[in-house]
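Everything below concerns the one structure shown next.
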Amino acid sequence: MSRSGTTNSEASMSSATKEILGRVRQLVPPMLERFHKGQMGRVAVIGGSEDYTGAPYFSAMASARLGCDLSHVICTPTAATVIKTYSPNLMVHPLMRSLPSSPAKPAGEDSDPSTASKHDTDPSEIASRIIPLLSRLHVLVIGPGLGRDPLMQKTVALVIQAAKKQNMPMVLDADALLLICNDPDLVRGYQEAVLTPNVVEFERLAKALNIEKEVAKEGKETDRVERLARELGGVMVLQKGGKDYLSNGTVTYSVDLEGGKKRSGGQGDTLTGSIATFLGWRKAYHEGLWDVKHKLKEEETAGLAVFGGSAITRECSRLAFAKRGRSLQASDLTDEVHTAFLNIFGEVDEDIFKL
């Protein structure tokens, strides 16, 4: 199955992981001539501000490199100018706004509060320009490069509420998780939401939801992620770490693929983009856009999609670390997405109709 020329990733997989990846593989669409643009995933990343332009780019590019048809970034105007120079393959929408920070900044973003219009300072006004885009999308990623600007946070909260009404899957990471710490009801009970906290973010969420730090007496490593997911009413939570644990409070998976040993910033953005593409494929799968013999149940495929995104990211990290060692950067993971896919899933088109 490996195409990388490096150590075969299968060697680090447990039998349980191999079995789960066999099911995940069913969500991967074959490359068929009858498909048209957009059917295999339309993803938008909401984030990106003056100080943080890399994160939304890495997330959107991971989504695109994995196989999503259309990848968008919705960000502030200053971030948009920069992100557009990173790649012509992304559609970048300068629709977000941040609060004024300096009178010296140009009008339209970070401008003098005495001259800024309601058009650029009212979260409802700003959200009203983003929400119409939702009907053109399949999945949202919210948080990469978002920052903690109050106007950005309030705007995103309104977009989340609108996306829920459309039953749209969403992946929340980074500073979008701060929203959940402050208002868990924003996603509570919404089972199309996926949270991807790192160690620090997980502890903030656990504290906000009064989940004690001690694990169960029997030493079950997944106890806290399961309790957090249950407290949020069945939201999928992926607890990142040496192993990734993901749970909706009822079903729990452990992703034990080997990853790299360098913990540079931005690797979690590859994760969010990868999960988003799998969630987009999940939608196409349940719409029956290609034929399979043994249909997976809809209630199990959300977890499988998240598992797939985690597996791809860990393999990207492993491959990049093997090449770059301690010099590894987030952009190195982007370069490995396709090879990681081939190592884990092989050429799906070879036997898709046997599934």
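Residues are named by chain letter and number: chains run A, B, ... in the order of the structure tokens, numbers start at 1 in each chain, and ligands are numbered from 1 in the order shown.
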
Every residue of segment 108-316 of chain A that DSSP places in helix (DSSP H, G or I), as a count of residues only | 102

Exercise: Met91 of chain A partners within 10 Å, only C-alpha atoms, chain neighbours under 5 positions left out, as a list in words = Ala44, Ala60, Leu70, Ser71, His72, Val73, Ile74, Ala80, Ile83 and Lys84 of chain A

Each segment 158-215 of chain A residue no farther than 10 Å from segment 302-305 of chain A, nearest pair in Å, only C-alpha atoms, as a tab-separated table:
residue	atom	partner	partner_atom	distance
A:Pro169	CA	A:Ala302	CA	9.2
A:Gln191	CA	A:Ala302	CA	8.8
A:Glu192	CA	A:Ala302	CA	7.8
A:Ala193	CA	A:Ala302	CA	9.5
A:Val194	CA	A:Ala302	CA	9.0

So which residues touch Arg204 of chain A within 9 Å, counting only C-alpha atoms, skipping near sequence neighbours fewer than 5 positions away, as a short mmCIF file (atom, residue, chain, number, x, y, z; two decimals) with C-alpha atoms, in the first residue's frame?
data_model
loop_
_atom_site.label_atom_id
_atom_site.label_comp_id
_atom_site.auth_asym_id
_atom_site.auth_seq_id
_atom_site.Cartn_x
_atom_site.Cartn_y
_atom_site.Cartn_z
CA LEU A 177 -12.75 26.88 21.06
CA LEU A 178 -12.63 29.96 23.29
CA CYS A 181 -15.49 27.73 26.71
CA VAL A 199 -3.58 19.78 25.40
CA LEU A 209 -17.50 22.16 31.76
#

Per residue of segment 158-217 of chain A within 9 Å of segment 267-282 of chain A, which atom pair is closest and at what distance in Å (one decimal), using only C-alpha atoms, listed by chain and increasing number, as CSV?
residue,atom,partner,partner_atom,distance
A:Pro169,CA,A:Leu279,CA,7.1
A:Met170,CA,A:Ala276,CA,7.6
A:Val171,CA,A:Thr272,CA,6.4
A:Leu172,CA,A:Thr272,CA,7.9
A:Asp173,CA,A:Thr272,CA,7.4
A:Ala174,CA,A:Gly268,CA,8.7
A:Val194,CA,A:Ile275,CA,9.0
A:Thr196,CA,A:Thr272,CA,7.6
A:Pro197,CA,A:Gly268,CA,8.9
A:Asn198,CA,A:Gly268,CA,8.3

Any chance you could export the current selection's C-alpha atoms as a JSON list (two decimals), in the first residue's frame?
[["chain", "number", "residue", "atom", "x", "y", "z"],
["A", 169, "PRO", "CA", -20.86, 20.11, 9.50],
["A", 170, "MET", "CA", -18.23, 22.29, 11.15],
["A", 171, "VAL", "CA", -14.78, 21.79, 12.61],
["A", 172, "LEU", "CA", -13.84, 24.14, 15.46],
["A", 173, "ASP", "CA", -10.23, 24.69, 16.48],
["A", 174, "ALA", "CA", -7.88, 27.23, 18.05],
["A", 194, "VAL", "CA", -16.24, 18.54, 15.69],
["A", 196, "THR", "CA", -10.12, 19.52, 17.88],
["A", 197, "PRO", "CA", -8.42, 20.82, 21.06],
["A", 198, "ASN", "CA", -4.74, 20.47, 21.84]]

So how far away is atom CA of Leu228 of chain A from atom CA of Lys262 of chain A, in Å?
->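 Those two atoms sit 27.5 Å apart.
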
Would you mind telling me which residue in A:Thr85, A:Ser254, A:Ser59, A:Asn182 lies nearest to Ser331 of chain A when using only C-alpha atoms?
->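 Selected residue with least distance to Ser331 of chain A: A:Ser59.
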
Restrict the calculation to only C-alpha atoms, then for each residue of segment 44-78 of chain A with any atom at most 8 Å from an atom of segment 138-142 of chain A give the closest atom pair and their distance in Å to one decimal, rows by chain and rising residue number, as CSV.
residue,atom,partner,partner_atom,distance
A:Ala44,CA,A:Leu140,CA,5.1
A:Val45,CA,A:Val141,CA,4.5
A:Ile46,CA,A:Ile142,CA,4.8
A:Gly47,CA,A:Ile142,CA,6.3

Written file, previous selection with N, CA and C atoms, as a compact mmCIF listing (two decimals), in the first residue's frame:
# COMPACT_ATOMS: atom_id res chain seq x y z
N ALA A 44 -15.00 25.86 3.49
CA ALA A 44 -14.56 27.23 3.79
C ALA A 44 -13.93 27.28 5.17
N VAL A 45 -12.80 27.94 5.27
CA VAL A 45 -12.12 28.18 6.53
C VAL A 45 -12.41 29.62 6.95
N ILE A 46 -12.99 29.78 8.13
CA ILE A 46 -13.24 31.12 8.67
C ILE A 46 -12.19 31.41 9.71
N GLY A 47 -11.34 32.35 9.42
CA GLY A 47 -10.23 32.73 10.29
C GLY A 47 -9.28 33.58 9.48

Atom pair atom CA of Gln153 of chain A / atom CA of Lys118 of chain A: separation (Å) = 16.6 Å

Rounded to one decimal in Å, what is the spacing between atom CA of Phe35 of chain A and atom CA of Trp290 of chain A?
->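 Interatomic distance here is 9.3 Å.
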
Give me the residues within 12 Å of Thr222 of chain A as a PDB file with N, CA and C atoms, in the first residue's frame, counting only C-alpha atoms and dropping any in the same chain fewer than 6 places off.
ATOM      1  N   GLU A 214      -8.543  14.224  37.001  1.00  0.00           N
ATOM      2  CA  GLU A 214      -8.187  12.831  37.253  1.00  0.00           C
ATOM      3  C   GLU A 214      -8.928  11.904  36.286  1.00  0.00           C
ATOM      4  N   VAL A 215      -8.241  10.910  35.784  1.00  0.00           N
ATOM      5  CA  VAL A 215      -8.871   9.921  34.917  1.00  0.00           C
ATOM      6  C   VAL A 215      -9.587   8.903  35.790  1.00  0.00           C
ATOM      7  N   ALA A 216     -10.334   8.042  35.154  1.00  0.00           N
ATOM      8  CA  ALA A 216     -11.066   7.025  35.898  1.00  0.00           C
ATOM      9  C   ALA A 216     -10.107   6.119  36.659  1.00  0.00           C
ATOM     10  N   LEU A 228     -16.303  14.787  28.230  1.00  0.00           N
ATOM     11  CA  LEU A 228     -16.447  16.099  27.606  1.00  0.00           C
ATOM     12  C   LEU A 228     -17.461  16.037  26.466  1.00  0.00           C
ATOM     13  N   ALA A 229     -17.367  14.997  25.639  1.00  0.00           N
ATOM     14  CA  ALA A 229     -18.312  14.851  24.534  1.00  0.00           C
ATOM     15  C   ALA A 229     -19.740  14.680  25.043  1.00  0.00           C
ATOM     16  N   VAL A 237     -15.473  15.154  19.834  1.00  0.00           N
ATOM     17  CA  VAL A 237     -14.274  15.818  20.354  1.00  0.00           C
ATOM     18  C   VAL A 237     -13.064  14.968  20.009  1.00  0.00           C
ATOM     19  N   LEU A 238     -12.075  15.588  19.378  1.00  0.00           N
ATOM     20  CA  LEU A 238     -10.812  14.917  19.091  1.00  0.00           C
ATOM     21  C   LEU A 238      -9.744  15.519  20.010  1.00  0.00           C
ATOM     22  N   GLN A 239      -9.276  14.723  20.935  1.00  0.00           N
ATOM     23  CA  GLN A 239      -8.247  15.144  21.888  1.00  0.00           C
ATOM     24  C   GLN A 239      -6.877  14.799  21.303  1.00  0.00           C
ATOM     25  N   LYS A 240      -6.161  15.825  20.876  1.00  0.00           N
ATOM     26  CA  LYS A 240      -4.870  15.617  20.224  1.00  0.00           C
ATOM     27  C   LYS A 240      -3.788  15.287  21.250  1.00  0.00           C
ATOM     28  N   GLY A 241      -2.859  14.402  20.854  1.00  0.00           N
ATOM     29  CA  GLY A 241      -1.774  14.040  21.755  1.00  0.00           C
ATOM     30  C   GLY A 241      -0.886  12.984  21.141  1.00  0.00           C
ATOM     31  N   LYS A 243      -1.331   9.902  21.170  1.00  0.00           N
ATOM     32  CA  LYS A 243      -2.369   9.256  20.376  1.00  0.00           C
ATOM     33  C   LYS A 243      -3.523  10.242  20.308  1.00  0.00           C
ATOM     34  N   ASP A 244      -4.268  10.208  19.235  1.00  0.00           N
ATOM     35  CA  ASP A 244      -5.469  11.037  19.151  1.00  0.00           C
ATOM     36  C   ASP A 244      -6.657  10.209  19.614  1.00  0.00           C
ATOM     37  N   TYR A 245      -7.413  10.760  20.569  1.00  0.00           N
ATOM     38  CA  TYR A 245      -8.630  10.104  21.030  1.00  0.00           C
ATOM     39  C   TYR A 245      -9.821  10.924  20.551  1.00  0.00           C
ATOM     40  N   LEU A 246     -10.783  10.269  19.927  1.00  0.00           N
ATOM     41  CA  LEU A 246     -11.969  10.987  19.486  1.00  0.00           C
ATOM     42  C   LEU A 246     -13.215  10.253  19.937  1.00  0.00           C
ATOM     43  N   SER A 247     -14.200  11.038  20.364  1.00  0.00           N
ATOM     44  CA  SER A 247     -15.403  10.436  20.927  1.00  0.00           C
ATOM     45  C   SER A 247     -16.584  11.386  20.792  1.00  0.00           C
ATOM     46  N   ASN A 248     -17.769  10.800  20.633  1.00  0.00           N
ATOM     47  CA  ASN A 248     -19.008  11.579  20.737  1.00  0.00           C
ATOM     48  C   ASN A 248     -19.718  11.264  22.050  1.00  0.00           C
ATOM     49  N   GLY A 249     -19.014  10.590  22.942  1.00  0.00           N
ATOM     50  CA  GLY A 249     -19.587  10.219  24.227  1.00  0.00           C
ATOM     51  C   GLY A 249     -20.182   8.834  24.232  1.00  0.00           C
ATOM     52  N   THR A 250     -20.442   8.300  23.045  1.00  0.00           N
ATOM     53  CA  THR A 250     -20.997   6.945  22.907  1.00  0.00           C
ATOM     54  C   THR A 250     -20.004   6.007  22.240  1.00  0.00           C
ATOM     55  N   VAL A 251     -19.436   6.468  21.133  1.00  0.00           N
ATOM     56  CA  VAL A 251     -18.434   5.700  20.382  1.00  0.00           C
ATOM     57  C   VAL A 251     -17.102   6.422  20.485  1.00  0.00           C
ATOM     58  N   THR A 252     -16.047   5.673  20.781  1.00  0.00           N
ATOM     59  CA  THR A 252     -14.722   6.253  20.969  1.00  0.00           C
ATOM     60  C   THR A 252     -13.703   5.505  20.121  1.00  0.00           C
ATOM     61  N   TYR A 253     -12.809   6.287  19.496  1.00  0.00           N
ATOM     62  CA  TYR A 253     -11.727   5.714  18.703  1.00  0.00           C
ATOM     63  C   TYR A 253     -10.388   6.221  19.216  1.00  0.00           C
ATOM     64  N   SER A 254      -9.370   5.400  19.042  1.00  0.00           N
ATOM     65  CA  SER A 254      -7.994   5.796  19.329  1.00  0.00           C
ATOM     66  C   SER A 254      -7.197   5.692  18.041  1.00  0.00           C
ATOM     67  N   VAL A 255      -6.562   6.785  17.641  1.00  0.00           N
ATOM     68  CA  VAL A 255      -5.758   6.804  16.421  1.00  0.00           C
ATOM     69  C   VAL A 255      -4.298   6.648  16.820  1.00  0.00           C
TER      70      VAL A 255
END

Members of segment 106-283 of chain A assigned strand (DSSP E or B) by DSSP, as a ChimeraX atom specification = /A:139-142,170-172,193-195,236-239,244-247,252-255

Leaving out segment 159-167 of chain A and any residue of its chain fewer than 6 positions from it, which residues lie within 8 Å of it when counting only C-alpha atoms, given as a PDB file with C-alpha atoms, in the first residue's frame?
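Output below, filename result.pdb:
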ATOM      1  CA  ALA A 127     -22.222  38.107   9.577  1.00  0.00           C
ATOM      2  CA  ILE A 130     -20.957  35.806   5.247  1.00  0.00           C
ATOM      3  CA  ILE A 131     -24.101  33.776   5.901  1.00  0.00           C
ATOM      4  CA  LEU A 134     -23.197  28.970   3.425  1.00  0.00           C
ATOM      5  CA  LEU A 186     -23.334  27.336  21.097  1.00  0.00           C
ATOM      6  CA  TYR A 190     -25.182  19.748  17.707  1.00  0.00           C
ATOM      7  CA  GLU A 192     -22.452  17.883  13.217  1.00  0.00           C
TER       8      GLU A 192
END

Could you name the residues that touch Met61 of chain A at 7 Å or less, counting only C-alpha atoms, but leaving out those on the same chain fewer than 4 positions away, as a VMD selection string?
-> chain A and resid 57 65 334

Just N, CA and C atoms for this one: save the residues we selected as a compact mmCIF listing (two decimals), in the first residue's frame.
# COMPACT_ATOMS: atom_id res chain seq x y z
N TYR A 57 -4.49 29.38 5.73
CA TYR A 57 -3.90 28.86 4.48
C TYR A 57 -3.59 27.37 4.61
N ARG A 65 -5.45 19.74 -1.04
CA ARG A 65 -4.49 18.70 -1.41
C ARG A 65 -5.03 17.29 -1.17
N THR A 334 1.93 20.11 4.53
CA THR A 334 1.11 20.36 3.33
C THR A 334 1.66 19.60 2.14

If we count only C-alpha atoms, what is near Gly147 of chain A at a cut-off of 9 Å, once residues fewer than 4 positions away on the same chain are taken out, given as a ChimeraX atom specification?
-> /A:47-49,51-52,143,152-153,174-176
